[in-house]
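Trainee: File follows, input.cif with mmCIF, C-alpha atoms:
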```
data_final
loop_
_atom_site.label_atom_id
_atom_site.label_comp_id
_atom_site.auth_asym_id
_atom_site.auth_seq_id
_atom_site.Cartn_x
_atom_site.Cartn_y
_atom_site.Cartn_z
CA MET N 197 -12.32 68.95 179.08
CA LYS N 198 -8.91 68.93 177.45
CA LYS N 199 -5.76 68.14 179.37
CA THR N 200 -3.37 71.07 179.56
CA ARG N 201 0.07 71.83 180.92
CA VAL N 202 -1.64 72.66 184.22
CA CYS N 203 -2.91 69.07 184.46
CA ASP N 204 0.55 67.70 183.70
CA LEU N 205 2.27 70.06 186.14
CA LEU N 206 -0.03 69.26 189.05
CA GLY N 207 -0.95 65.66 188.25
CA ILE N 208 -4.71 66.31 188.09
CA ALA N 209 -7.44 65.15 185.71
CA TYR N 210 -9.06 68.55 185.16
CA PRO N 211 -7.40 72.00 185.17
CA ILE N 212 -9.72 73.23 187.92
CA ILE N 213 -8.22 74.63 191.12
CA GLN N 214 -10.21 75.48 194.22
CA GLY N 215 -9.30 78.93 195.50
CA GLY N 216 -7.63 79.13 198.89
CA MET N 217 -10.17 80.88 201.15
CA LEU N 218 -8.72 82.09 204.43
CA TRP N 219 -11.16 80.68 207.00
CA ILE N 220 -13.04 78.02 205.04
CA SER N 221 -10.63 76.04 202.81
CA THR N 222 -10.48 72.99 205.06
CA ALA N 223 -9.43 69.41 204.44
CA GLU N 224 -13.05 68.39 203.78
CA LEU N 225 -13.38 70.86 200.91
CA ALA N 226 -9.89 70.33 199.52
CA GLY N 227 -10.26 66.56 199.66
CA ALA N 228 -13.62 66.67 197.88
CA VAL N 229 -12.22 68.84 195.08
CA SER N 230 -9.16 66.64 194.63
CA ASN N 231 -11.21 63.44 194.66
CA ALA N 232 -13.43 64.91 191.93
CA GLY N 233 -10.44 65.46 189.64
CA GLY N 234 -9.52 69.06 190.40
CA MET N 235 -6.98 70.35 192.90
CA GLY N 236 -8.09 71.20 196.41
CA VAL N 237 -6.30 73.91 198.34
CA LEU N 238 -5.87 74.26 202.10
CA SER N 239 -5.64 77.52 204.03
CA PRO N 240 -3.55 77.59 207.24
CA PHE N 241 -6.42 79.20 209.19
CA ALA N 242 -9.37 77.22 207.86
CA GLY N 243 -11.11 75.23 210.57
CA MET N 244 -9.10 76.93 213.31
CA GLU N 245 -10.76 77.94 216.55
CA LYS N 246 -10.89 81.65 217.31
CA ASN N 247 -7.46 82.74 218.58
CA GLY N 248 -6.16 79.26 217.78
CA ASP N 249 -2.68 78.12 216.74
CA ALA N 250 -2.26 78.43 212.96
CA LEU N 251 0.75 76.11 212.82
CA LYS N 252 -0.99 73.36 214.78
CA ASN N 253 -4.12 73.83 212.68
CA LEU N 254 -2.20 73.62 209.41
CA ARG N 255 -0.52 70.37 210.45
CA PHE N 256 -3.91 68.96 211.47
CA GLN N 257 -5.53 69.94 208.16
CA ILE N 258 -2.65 68.42 206.17
CA THR N 259 -2.96 65.14 208.07
CA LYS N 260 -6.72 65.14 207.59
CA VAL N 261 -6.68 65.85 203.85
CA ARG N 262 -4.20 63.00 203.39
CA ASP N 263 -6.71 60.73 205.11
CA LEU N 264 -9.42 61.92 202.71
CA THR N 265 -7.57 61.74 199.40
CA GLU N 266 -4.50 60.26 197.78
CA LYS N 267 -4.68 62.82 194.98
CA PRO N 268 -2.71 66.08 194.70
CA PHE N 269 -3.63 69.06 196.85
CA ALA N 270 -1.95 72.38 197.59
CA VAL N 271 -1.52 74.79 200.48
CA ASN N 272 -2.00 78.53 200.07
CA ILE N 273 0.47 80.83 201.85
CA PRO N 274 -0.31 84.58 201.82
CA LEU N 275 3.14 86.17 201.84
CA TYR N 276 1.95 89.34 203.56
CA LEU N 277 1.40 87.38 206.78
CA LYS N 278 4.05 87.91 209.45
CA GLN N 279 4.14 84.16 210.05
CA SER N 280 4.55 83.22 206.37
CA GLY N 281 8.11 82.01 206.98
CA ILE N 282 7.16 79.61 209.76
CA LEU N 283 4.16 78.41 207.76
CA VAL N 284 6.56 77.58 204.92
CA ASP N 285 8.65 75.62 207.45
CA VAL N 286 5.59 73.49 208.21
CA LEU N 287 5.17 72.74 204.50
CA LEU N 288 8.80 71.68 204.24
CA LYS N 289 8.54 69.38 207.26
CA GLU N 290 5.25 67.89 206.04
CA GLY N 291 6.59 67.16 202.55
CA ILE N 292 3.97 69.22 200.74
CA ARG N 293 4.33 68.95 196.95
CA ILE N 294 2.41 72.02 195.72
CA VAL N 295 2.20 75.52 197.21
CA ILE N 296 0.30 78.61 196.11
CA THR N 297 1.78 81.93 197.18
CA SER N 298 0.01 85.28 197.05
CA GLY N 299 0.17 88.84 198.31
CA GLY N 300 3.91 89.41 198.13
CA ASP N 301 7.22 88.70 196.42
CA PRO N 302 7.51 84.99 195.53
CA SER N 303 11.29 85.22 195.14
CA HIS N 304 11.67 85.10 198.94
CA PHE N 305 10.71 81.41 199.02
CA THR N 306 10.64 80.00 195.48
CA ASP N 307 14.21 78.66 195.44
CA LEU N 308 13.77 77.06 198.86
CA LEU N 309 10.48 75.46 197.84
CA HIS N 310 11.92 74.19 194.56
CA GLN N 311 14.89 72.66 196.39
CA ALA N 312 12.37 70.71 198.46
CA GLY N 313 10.74 69.42 195.27
CA MET N 314 7.64 71.60 195.42
CA LYS N 315 5.75 73.14 192.53
CA VAL N 316 5.10 76.85 193.11
CA LEU N 317 2.09 78.74 191.76
CA HIS N 318 1.87 82.48 192.39
CA VAL N 319 -1.16 84.79 192.26
CA VAL N 320 -0.77 88.03 190.27
CA SER N 321 -3.15 90.86 189.41
CA SER N 322 -1.14 92.86 186.85
CA VAL N 323 1.26 92.33 183.96
CA ALA N 324 4.12 93.82 185.99
CA GLN N 325 3.50 91.34 188.81
CA ALA N 326 3.35 88.51 186.29
CA LYS N 327 6.73 89.46 184.84
CA ARG N 328 8.31 89.62 188.30
CA ALA N 329 6.87 86.27 189.31
CA ASP N 330 8.01 84.72 186.03
CA SER N 331 11.54 85.99 186.64
CA SER N 332 11.37 84.34 190.08
CA LYS N 333 10.97 81.00 188.27
CA VAL N 334 7.55 80.07 189.62
CA ASP N 335 6.00 77.11 187.80
CA ALA N 336 2.68 78.72 186.88
CA LEU N 337 0.75 81.93 187.37
CA ILE N 338 -2.72 82.36 188.80
CA VAL N 339 -3.89 85.52 187.06
CA ALA N 340 -6.64 87.12 189.14
CA GLY N 341 -8.94 89.78 187.74
CA VAL N 342 -10.83 92.42 189.69
CA GLU N 343 -13.91 90.18 189.55
CA ALA N 344 -12.37 87.91 192.20
CA ALA N 345 -13.50 87.61 195.80
CA ALA N 346 -11.43 89.03 198.66
CA TYR N 347 -8.23 90.86 197.68
CA VAL N 348 -8.42 92.14 194.11
CA GLY N 349 -5.19 94.11 193.60
CA PHE N 350 -4.72 97.87 193.57
CA ASP N 351 -4.88 98.17 189.78
CA GLU N 352 -8.33 96.53 189.58
CA ILE N 353 -7.82 95.08 186.09
CA PRO N 354 -10.67 92.98 184.63
CA LEU N 355 -9.89 89.35 183.83
CA PHE N 356 -10.76 89.72 180.13
CA SER N 357 -8.10 92.42 179.78
CA LEU N 358 -5.51 90.87 182.06
CA VAL N 359 -5.21 87.24 180.95
CA PRO N 360 -4.35 87.86 177.27
CA GLN N 361 -1.86 90.58 178.18
CA VAL N 362 -0.10 88.22 180.59
CA ALA N 363 -0.25 85.40 178.03
CA ASP N 364 1.60 87.64 175.58
CA VAL N 365 4.60 88.13 177.89
CA VAL N 366 5.12 84.79 179.71
CA SER N 367 5.54 81.21 178.52
CA ILE N 368 4.64 79.37 181.73
CA PRO N 369 1.07 78.10 182.24
CA ILE N 370 -1.62 80.60 183.19
CA ILE N 371 -4.56 79.82 185.47
CA ALA N 372 -7.38 82.38 185.27
CA ALA N 373 -9.22 83.48 188.41
CA GLY N 374 -11.97 85.94 189.19
CA GLY N 375 -15.69 85.72 188.44
CA ILE N 376 -15.55 82.17 187.04
CA VAL N 377 -18.38 80.04 188.41
CA ASP N 378 -19.61 77.92 185.51
CA ALA N 379 -18.53 76.28 182.25
CA ARG N 380 -19.07 79.45 180.25
CA GLY N 381 -16.42 81.19 182.32
CA VAL N 382 -14.01 78.28 181.89
CA VAL N 383 -14.36 78.32 178.10
CA ALA N 384 -13.89 82.09 178.04
CA ALA N 385 -10.74 81.81 180.16
CA PHE N 386 -9.28 79.23 177.79
CA ALA N 387 -10.06 81.44 174.81
CA LEU N 388 -8.13 84.27 176.47
CA GLY N 389 -5.00 82.16 176.86
CA ALA N 390 -5.43 80.37 180.18
CA GLU N 391 -4.76 76.65 180.61
CA GLY N 392 -6.70 76.30 183.83
CA VAL N 393 -9.05 78.11 186.18
CA GLN N 394 -9.12 78.87 189.88
CA ILE N 395 -12.61 79.03 191.36
CA GLY N 396 -13.46 80.28 194.83
CA THR N 397 -16.99 81.59 195.37
CA ARG N 398 -18.71 78.64 193.64
CA PHE N 399 -16.93 76.37 196.17
CA VAL N 400 -18.38 78.33 199.08
CA ALA N 401 -21.89 77.15 198.23
CA VAL N 402 -21.10 73.43 198.35
CA GLU N 403 -22.03 70.79 200.90
CA GLU N 404 -18.44 70.14 201.98
CA ASN N 405 -17.65 73.76 202.86
CA ILE N 406 -17.76 74.69 206.57
CA ALA N 407 -18.97 78.22 205.75
CA HIS N 408 -22.04 79.26 207.74
CA ILE N 409 -25.37 78.64 206.00
CA ASN N 410 -26.10 82.39 206.20
CA TYR N 411 -23.01 83.02 204.06
CA LYS N 412 -23.94 80.32 201.56
CA GLN N 413 -27.51 81.58 201.34
CA ALA N 414 -26.34 85.16 200.82
CA ILE N 415 -24.34 84.02 197.79
CA ILE N 416 -27.31 82.11 196.39
CA ASP N 417 -29.55 85.16 196.90
CA ALA N 418 -27.05 87.61 195.37
CA LYS N 419 -27.81 89.65 192.25
CA ASP N 420 -25.39 91.10 189.73
CA THR N 421 -25.01 94.35 191.72
CA ASP N 422 -24.59 92.74 195.15
CA THR N 423 -20.80 92.81 195.45
CA VAL N 424 -18.68 95.84 196.24
CA ILE N 425 -15.00 96.74 196.63
CA THR N 426 -13.93 98.30 199.94
CA CYS N 427 -10.63 99.09 201.69
CA ARG N 428 -9.01 100.75 198.70
CA LYS N 429 -6.60 102.55 201.07
CA LEU N 430 -5.45 99.25 202.59
CA LEU N 431 -6.09 96.11 200.53
CA PRO N 432 -8.91 96.46 197.98
CA THR N 433 -11.39 93.73 198.86
CA ARG N 434 -14.51 92.43 197.09
CA SER N 435 -17.35 91.32 199.36
CA LEU N 436 -21.10 90.97 199.33
CA ARG N 437 -22.96 94.18 200.15
CA THR N 438 -23.97 94.09 203.83
CA GLU N 439 -24.52 96.54 206.66
CA PHE N 440 -20.82 96.18 207.43
CA THR N 441 -19.74 97.22 203.92
CA ARG N 442 -22.25 100.10 203.96
CA GLN N 443 -20.68 101.50 207.13
CA LEU N 444 -17.18 100.90 205.81
CA LEU N 445 -17.89 102.71 202.54
CA GLU N 446 -19.34 105.65 204.46
CA LEU N 447 -16.22 105.78 206.61
CA GLU N 448 -13.96 105.72 203.56
CA ALA N 449 -16.01 108.41 201.80
CA SER N 450 -15.67 110.65 204.85
CA GLY N 451 -11.91 110.78 204.33
CA ALA N 452 -11.02 108.52 207.25
CA SER N 453 -7.35 107.71 207.72
CA THR N 454 -5.95 104.21 207.28
CA GLU N 455 -5.62 103.99 211.07
CA GLU N 456 -9.30 104.81 211.54
CA ILE N 457 -10.26 102.22 208.95
CA ARG N 458 -8.10 99.59 210.68
CA ASP N 459 -9.75 100.43 214.01
CA PHE N 460 -13.18 99.95 212.43
CA LEU N 461 -12.19 96.63 210.88
CA GLY N 462 -10.94 95.26 214.19
CA TYR N 463 -10.06 91.57 214.39
CA SER N 464 -11.24 89.13 211.76
CA ARG N 465 -14.49 90.50 210.44
CA ALA N 466 -14.16 87.78 207.80
CA ARG N 467 -14.31 85.01 210.38
CA LYS N 468 -17.33 86.64 212.01
CA GLY N 469 -19.20 86.69 208.71
CA GLN N 470 -18.06 83.46 207.10
CA ILE N 471 -17.88 81.09 210.09
CA GLU N 472 -20.25 82.69 212.61
CA GLY N 473 -22.78 83.84 210.01
CA ASP N 474 -23.02 87.42 211.29
CA LEU N 475 -23.75 89.21 208.02
CA GLU N 476 -24.47 92.53 209.75
CA ASN N 477 -21.09 92.88 211.42
CA GLY N 478 -18.95 90.43 209.50
CA GLU N 479 -17.27 90.45 206.10
CA VAL N 480 -18.36 87.90 203.50
CA TYR N 481 -16.11 87.67 200.46
CA SER N 482 -17.66 87.00 197.07
CA GLY N 483 -16.68 87.22 193.44
CA SER N 484 -18.70 89.40 191.09
CA SER N 485 -20.46 86.41 189.49
CA ALA N 486 -22.25 85.27 192.64
CA GLY N 487 -25.52 86.04 190.84
CA LEU N 488 -24.92 82.96 188.70
CA ILE N 489 -24.87 80.62 191.72
CA ARG N 490 -28.36 79.39 192.55
CA GLU N 491 -28.02 76.30 194.75
CA ILE N 492 -25.85 74.47 197.24
CA LEU N 493 -24.44 71.36 195.58
CA PRO N 494 -22.00 68.53 196.31
CA THR N 495 -18.50 69.48 195.22
CA ALA N 496 -18.32 66.56 192.80
CA THR N 497 -21.48 67.78 191.07
CA VAL N 498 -20.03 71.27 190.63
CA ILE N 499 -16.90 69.89 188.99
CA GLN N 500 -18.79 67.45 186.77
CA ARG N 501 -21.04 70.26 185.55
CA LEU N 502 -17.97 72.35 184.74
CA VAL N 503 -16.46 69.48 182.75
CA ASP N 504 -19.65 68.48 180.93
CA GLY N 505 -20.65 72.08 180.26
CA PHE N 506 -17.22 72.85 178.84
CA GLN N 507 -17.54 70.00 176.35
CA GLU N 508 -21.04 71.07 175.29
CA ILE N 509 -20.03 74.69 174.71
CA VAL N 510 -16.92 73.77 172.75
CA LYS N 511 -19.02 71.54 170.46
CA LYS N 512 -21.45 74.39 169.81
CA ILE N 513 -18.78 76.91 168.88
CA ALA N 514 -16.44 74.54 167.02
#
```
Could you render the structure as structure tokens?

Mentor:
Amino acid sequence: MKKTRVCDLLGIAYPIIQGGMLWISTAELAGAVSNAGGMGVLSPFAGMEKNGDALKNLRFQITKVRDLTEKPFAVNIPLYLKQSGILVDVLLKEGIRIVITSGGDPSHFTDLLHQAGMKVLHVVSSVAQAKRADSSKVDALIVAGVEAAAYVGFDEIPLFSLVPQVADVVSIPIIAAGGIVDARGVVAAFALGAEGVQIGTRFVAVEENIAHINYKQAIIDAKDTDTVITCRKLLPTRSLRTEFTRQLLELEASGASTEEIRDFLGYSRARKGQIEGDLENGEVYSGSSAGLIREILPTATVIQRLVDGFQEIVKKIA
């Protein structure tokens, strides 16, 4: 796999980034990805006990990942969180070198993070967002298509349409995200103008992920039609089809208000599904390509297959 500006920017061997997954991107997963040549990403809430302290948990995960790897890793900060500012303070105090921001305006923190010597990557889901993030002087863009797991953006633009349009209007490196689970997706992303990929769902079904086995098995069992977008009135979200999503879709179709939908969602359906394994009442995020994932593997094996497969495909089409 060729080295790109993403490799140079982040100091990694392969331009493969593990997606930051709210409850399950722990030090074990991030360390395994980084040690295999990609870039692992921590989430502030991953590994946290129910109703735990996110700041304490984030500091613990940072310490732990540093024990597991000497290679670069990042921390994902969703900007829509009320505590995003104090989470950023933790990163500053811990001397984090790479941060991924998402779900908000990166200009609020980019200057501060740059002054501390950090590289800033920002997630976008439209050309307009990409232009705004570029003007905020972020170092690279993670361009996420509607195929992605979890929050997909209100415009719901497919990755094949979005990446080349963003590539035409920015000069900073682009990392493609959404529905990429194997080497074929990586090659396609590069052909569209990306210089790296962010992969989430494939890294759920790995040995080092703390996700409940029910969640991992549901991904392995998924077919091409087994993901669905819900919560279009709040934050459009892609998940596996479950009894929970069936009830939620019925509620939305009935014309329920945003308040009624929030009441139905309650507290952390995602934790219930992903950590506790309650697929009936919990929410289990998944990208649209889950049907291509057929086994639980070691993280290093996943990355090596991406690298080797990339080389084989490029030789065939050269």

Trainee: Out of N:Thr441, N:Ala390, N:Gly396, N:Ala486, which residue has the shortest atom-to-atom distance to Asp417 in chain N when counting all atoms listed in the file?

Mentor: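 Under the stated criterion, the closest residue is N:Ala486.
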
Trainee: Env of Gln214 in chain N: 8 Å cut, atoms = all atoms listed in the file, seq-sep filter 3 positions within chain, self excluded. Answer as a PyMOL selection string.

Mentor: chain N and resi 226+229+234-237+394-396+399

Trainee: Can you give me, as a list in words, the residues this file yields under the PyMOL selection byres ((chain N and resi 315-318) around 8)?

Mentor: Leu205, Leu206, Arg293, Ile294, Val295, Ile296, Thr297, Ser298, Pro302, Thr306, Leu309, His310, Gly313, Met314, Val319, Val320, Ala329, Val334, Asp335, Ala336, Leu337 and Ile338 of chain N

Trainee: Might you spell out which residues the PyMOL selection byres ((chain N and resi 368) around 10) would select in the displayed file, as an MDAnalysis selection string?

Mentor: chainID N and resid 201:202 330 333:337 363 365:367 369:371 391

Trainee: Name the closest residue to Ile376 in chain N among the candidates N:Leu447, N:Gly215, N:Ala514, N:Tyr276; distances are taken between atoms, counting only C-alpha atoms.

Mentor: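 Counting only C-alpha atoms, the residue closest to Ile376 in chain N is N:Gly215.
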
Trainee: Carefully work through the PyMOL selection byres ((chain N and resi 493) around 6) for this structure and note down the residues it includes, as an mmCIF file with C-alpha atoms, keeping the file's coordinate frame.

Mentor:
```
data_model
loop_
_atom_site.group_PDB
_atom_site.id
_atom_site.type_symbol
_atom_site.label_atom_id
_atom_site.label_comp_id
_atom_site.auth_asym_id
_atom_site.auth_seq_id
_atom_site.Cartn_x
_atom_site.Cartn_y
_atom_site.Cartn_z
ATOM 1 C CA VAL N 402 -21.100 73.430 198.350
ATOM 2 C CA GLU N 403 -22.030 70.790 200.900
ATOM 3 C CA ILE N 492 -25.850 74.470 197.240
ATOM 4 C CA PRO N 494 -22.000 68.530 196.310
#
```

Trainee: Check the smallest atom-to-atom distance from each of N:Pro432, N:Gly469, N:Gly462, N:Gly207 to Asn410 in chain N using only C-alpha atoms, then report the winner.

Mentor: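 Among the listed residues, N:Gly469 lies closest to Asn410 in chain N.
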
Trainee: Report as a ChimeraX atom specification all protein, DNA and RNA residues lying within 7 Å of range 243-252 of chain N, evaluated on only C-alpha atoms, omitting residues in the same chain fewer than 2 positions from it.

Mentor: /N:219-220,222,240-241,254-256,283

Trainee: May I have the residues from that selection written out with C-alpha atoms, as a PDB file, in the frame of the given file?

Mentor:
```
ATOM      1  CA  TRP N 219     -11.160  80.680 207.000  1.00  0.00           C
ATOM      2  CA  ILE N 220     -13.040  78.020 205.040  1.00  0.00           C
ATOM      3  CA  THR N 222     -10.480  72.990 205.060  1.00  0.00           C
ATOM      4  CA  PRO N 240      -3.550  77.590 207.240  1.00  0.00           C
ATOM      5  CA  PHE N 241      -6.420  79.200 209.190  1.00  0.00           C
ATOM      6  CA  LEU N 254      -2.200  73.620 209.410  1.00  0.00           C
ATOM      7  CA  ARG N 255      -0.520  70.370 210.450  1.00  0.00           C
ATOM      8  CA  PHE N 256      -3.910  68.960 211.470  1.00  0.00           C
ATOM      9  CA  LEU N 283       4.160  78.410 207.760  1.00  0.00           C
TER      10      LEU N 283
END
```

Trainee: May I ask for the distance between CA of Gly233 in chain N and CA of Val342 in chain N, given in Å to one decimal place?

Mentor: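 Spanning CA of Gly233 in chain N to CA of Val342 in chain N is a straight-line distance of 27.0 Å.
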
Trainee: Between N:Gln361, N:Thr200, N:Thr454, N:Ser239, which is the closest to Ser280 in chain N once you count all atoms listed in the file?

Mentor: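 Closest to Ser280 in chain N of all the choices is N:Ser239.
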
Trainee: Could you check the closest approach to Ser435 in chain N for each of N:Ile513, N:Ala387, N:Ile212, N:Val480 and tell me which residue wins, using only C-alpha atoms?

Mentor: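 Using only C-alpha atoms, Ser435 in chain N sits closest to N:Val480.
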
Trainee: Tell me which of N:Ile409, N:Ser482, N:Arg467, N:Arg458 sits closest to Thr438 in chain N, counting all atoms listed in the file.

Mentor: N:Ser482

Trainee: Could you name the residues that touch Lys512 in chain N at 12 Å or less, counting only C-alpha atoms, but leaving out those on the same chain fewer than 6 positions away, as a PDB file with C-alpha atoms, in the frame of the given file?

Mentor:
```pdb
ATOM      1  CA  ARG N 380     -19.070  79.450 180.250  1.00  0.00           C
ATOM      2  CA  VAL N 383     -14.360  78.320 178.100  1.00  0.00           C
ATOM      3  CA  GLY N 505     -20.650  72.080 180.260  1.00  0.00           C
ATOM      4  CA  PHE N 506     -17.220  72.850 178.840  1.00  0.00           C
TER       5      PHE N 506
END
```

Trainee: For the atom pair CA of Cys427 in chain N and CA of Ile489 in chain N, what is the interatomic distance in Å to one decimal place?

Mentor: 25.4 Å

Trainee: Complete range 303-328 of chain N with N, CA and C atoms (output as a PDB file, keeping the file's coordinate frame).

Mentor:
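Full text of part08.pdb as output:
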```pdb
ATOM      1  N   SER N 303       9.862  85.545 195.180  1.00  0.00           N
ATOM      2  CA  SER N 303      11.290  85.220 195.140  1.00  0.00           C
ATOM      3  C   SER N 303      11.858  84.914 196.518  1.00  0.00           C
ATOM      4  N   HIS N 304      11.179  85.358 197.584  1.00  0.00           N
ATOM      5  CA  HIS N 304      11.670  85.100 198.940  1.00  0.00           C
ATOM      6  C   HIS N 304      11.723  83.601 199.245  1.00  0.00           C
ATOM      7  N   PHE N 305      10.812  82.827 198.659  1.00  0.00           N
ATOM      8  CA  PHE N 305      10.710  81.410 199.020  1.00  0.00           C
ATOM      9  C   PHE N 305      10.827  80.443 197.851  1.00  0.00           C
ATOM     10  N   THR N 306      10.752  80.919 196.614  1.00  0.00           N
ATOM     11  CA  THR N 306      10.640  80.000 195.480  1.00  0.00           C
ATOM     12  C   THR N 306      11.824  79.043 195.386  1.00  0.00           C
ATOM     13  N   ASP N 307      13.040  79.542 195.516  1.00  0.00           N
ATOM     14  CA  ASP N 307      14.210  78.660 195.440  1.00  0.00           C
ATOM     15  C   ASP N 307      14.165  77.591 196.519  1.00  0.00           C
ATOM     16  N   LEU N 308      13.844  78.000 197.737  1.00  0.00           N
ATOM     17  CA  LEU N 308      13.770  77.060 198.860  1.00  0.00           C
ATOM     18  C   LEU N 308      12.712  75.991 198.597  1.00  0.00           C
ATOM     19  N   LEU N 309      11.563  76.406 198.108  1.00  0.00           N
ATOM     20  CA  LEU N 309      10.480  75.460 197.840  1.00  0.00           C
ATOM     21  C   LEU N 309      10.837  74.516 196.695  1.00  0.00           C
ATOM     22  N   HIS N 310      11.481  75.042 195.670  1.00  0.00           N
ATOM     23  CA  HIS N 310      11.920  74.190 194.560  1.00  0.00           C
ATOM     24  C   HIS N 310      12.954  73.163 195.022  1.00  0.00           C
ATOM     25  N   GLN N 311      13.867  73.589 195.881  1.00  0.00           N
ATOM     26  CA  GLN N 311      14.890  72.660 196.390  1.00  0.00           C
ATOM     27  C   GLN N 311      14.257  71.501 197.152  1.00  0.00           C
ATOM     28  N   ALA N 312      13.088  71.761 197.735  1.00  0.00           N
ATOM     29  CA  ALA N 312      12.370  70.710 198.460  1.00  0.00           C
ATOM     30  C   ALA N 312      11.476  69.887 197.537  1.00  0.00           C
ATOM     31  N   GLY N 313      11.516  70.184 196.238  1.00  0.00           N
ATOM     32  CA  GLY N 313      10.740  69.420 195.270  1.00  0.00           C
ATOM     33  C   GLY N 313       9.317  69.893 195.075  1.00  0.00           C
ATOM     34  N   MET N 314       9.004  71.088 195.555  1.00  0.00           N
ATOM     35  CA  MET N 314       7.640  71.600 195.420  1.00  0.00           C
ATOM     36  C   MET N 314       7.423  72.330 194.107  1.00  0.00           C
ATOM     37  N   LYS N 315       6.195  72.293 193.632  1.00  0.00           N
ATOM     38  CA  LYS N 315       5.750  73.140 192.530  1.00  0.00           C
ATOM     39  C   LYS N 315       5.186  74.422 193.150  1.00  0.00           C
ATOM     40  N   VAL N 316       5.514  75.563 192.551  1.00  0.00           N
ATOM     41  CA  VAL N 316       5.100  76.850 193.110  1.00  0.00           C
ATOM     42  C   VAL N 316       4.219  77.596 192.113  1.00  0.00           C
ATOM     43  N   LEU N 317       3.004  77.909 192.535  1.00  0.00           N
ATOM     44  CA  LEU N 317       2.090  78.740 191.760  1.00  0.00           C
ATOM     45  C   LEU N 317       1.960  80.073 192.484  1.00  0.00           C
ATOM     46  N   HIS N 318       1.960  81.167 191.740  1.00  0.00           N
ATOM     47  CA  HIS N 318       1.870  82.480 192.390  1.00  0.00           C
ATOM     48  C   HIS N 318       0.719  83.279 191.801  1.00  0.00           C
ATOM     49  N   VAL N 319      -0.009  83.980 192.670  1.00  0.00           N
ATOM     50  CA  VAL N 319      -1.160  84.790 192.260  1.00  0.00           C
ATOM     51  C   VAL N 319      -0.696  86.197 191.895  1.00  0.00           C
ATOM     52  N   VAL N 320      -1.112  86.672 190.716  1.00  0.00           N
ATOM     53  CA  VAL N 320      -0.770  88.030 190.270  1.00  0.00           C
ATOM     54  C   VAL N 320      -2.030  88.741 189.803  1.00  0.00           C
ATOM     55  N   SER N 321      -1.985  90.076 189.844  1.00  0.00           N
ATOM     56  CA  SER N 321      -3.150  90.860 189.410  1.00  0.00           C
ATOM     57  C   SER N 321      -2.771  91.972 188.445  1.00  0.00           C
ATOM     58  N   SER N 322      -1.563  91.888 187.865  1.00  0.00           N
ATOM     59  CA  SER N 322      -1.140  92.860 186.850  1.00  0.00           C
ATOM     60  C   SER N 322      -0.058  92.229 185.988  1.00  0.00           C
ATOM     61  N   VAL N 323       0.201  92.829 184.843  1.00  0.00           N
ATOM     62  CA  VAL N 323       1.260  92.330 183.960  1.00  0.00           C
ATOM     63  C   VAL N 323       2.618  92.486 184.633  1.00  0.00           C
ATOM     64  N   ALA N 324       2.838  93.599 185.316  1.00  0.00           N
ATOM     65  CA  ALA N 324       4.120  93.820 185.990  1.00  0.00           C
ATOM     66  C   ALA N 324       4.370  92.744 187.042  1.00  0.00           C
ATOM     67  N   GLN N 325       3.352  92.402 187.822  1.00  0.00           N
ATOM     68  CA  GLN N 325       3.500  91.340 188.810  1.00  0.00           C
ATOM     69  C   GLN N 325       3.791  90.004 188.134  1.00  0.00           C
ATOM     70  N   ALA N 326       3.136  89.756 187.022  1.00  0.00           N
ATOM     71  CA  ALA N 326       3.350  88.510 186.290  1.00  0.00           C
ATOM     72  C   ALA N 326       4.798  88.392 185.819  1.00  0.00           C
ATOM     73  N   LYS N 327       5.344  89.474 185.304  1.00  0.00           N
ATOM     74  CA  LYS N 327       6.730  89.460 184.840  1.00  0.00           C
ATOM     75  C   LYS N 327       7.687  89.199 185.995  1.00  0.00           C
ATOM     76  N   ARG N 328       7.440  89.832 187.141  1.00  0.00           N
ATOM     77  CA  ARG N 328       8.310  89.620 188.300  1.00  0.00           C
ATOM     78  C   ARG N 328       8.232  88.183 188.791  1.00  0.00           C
TER      79      ARG N 328
END
```
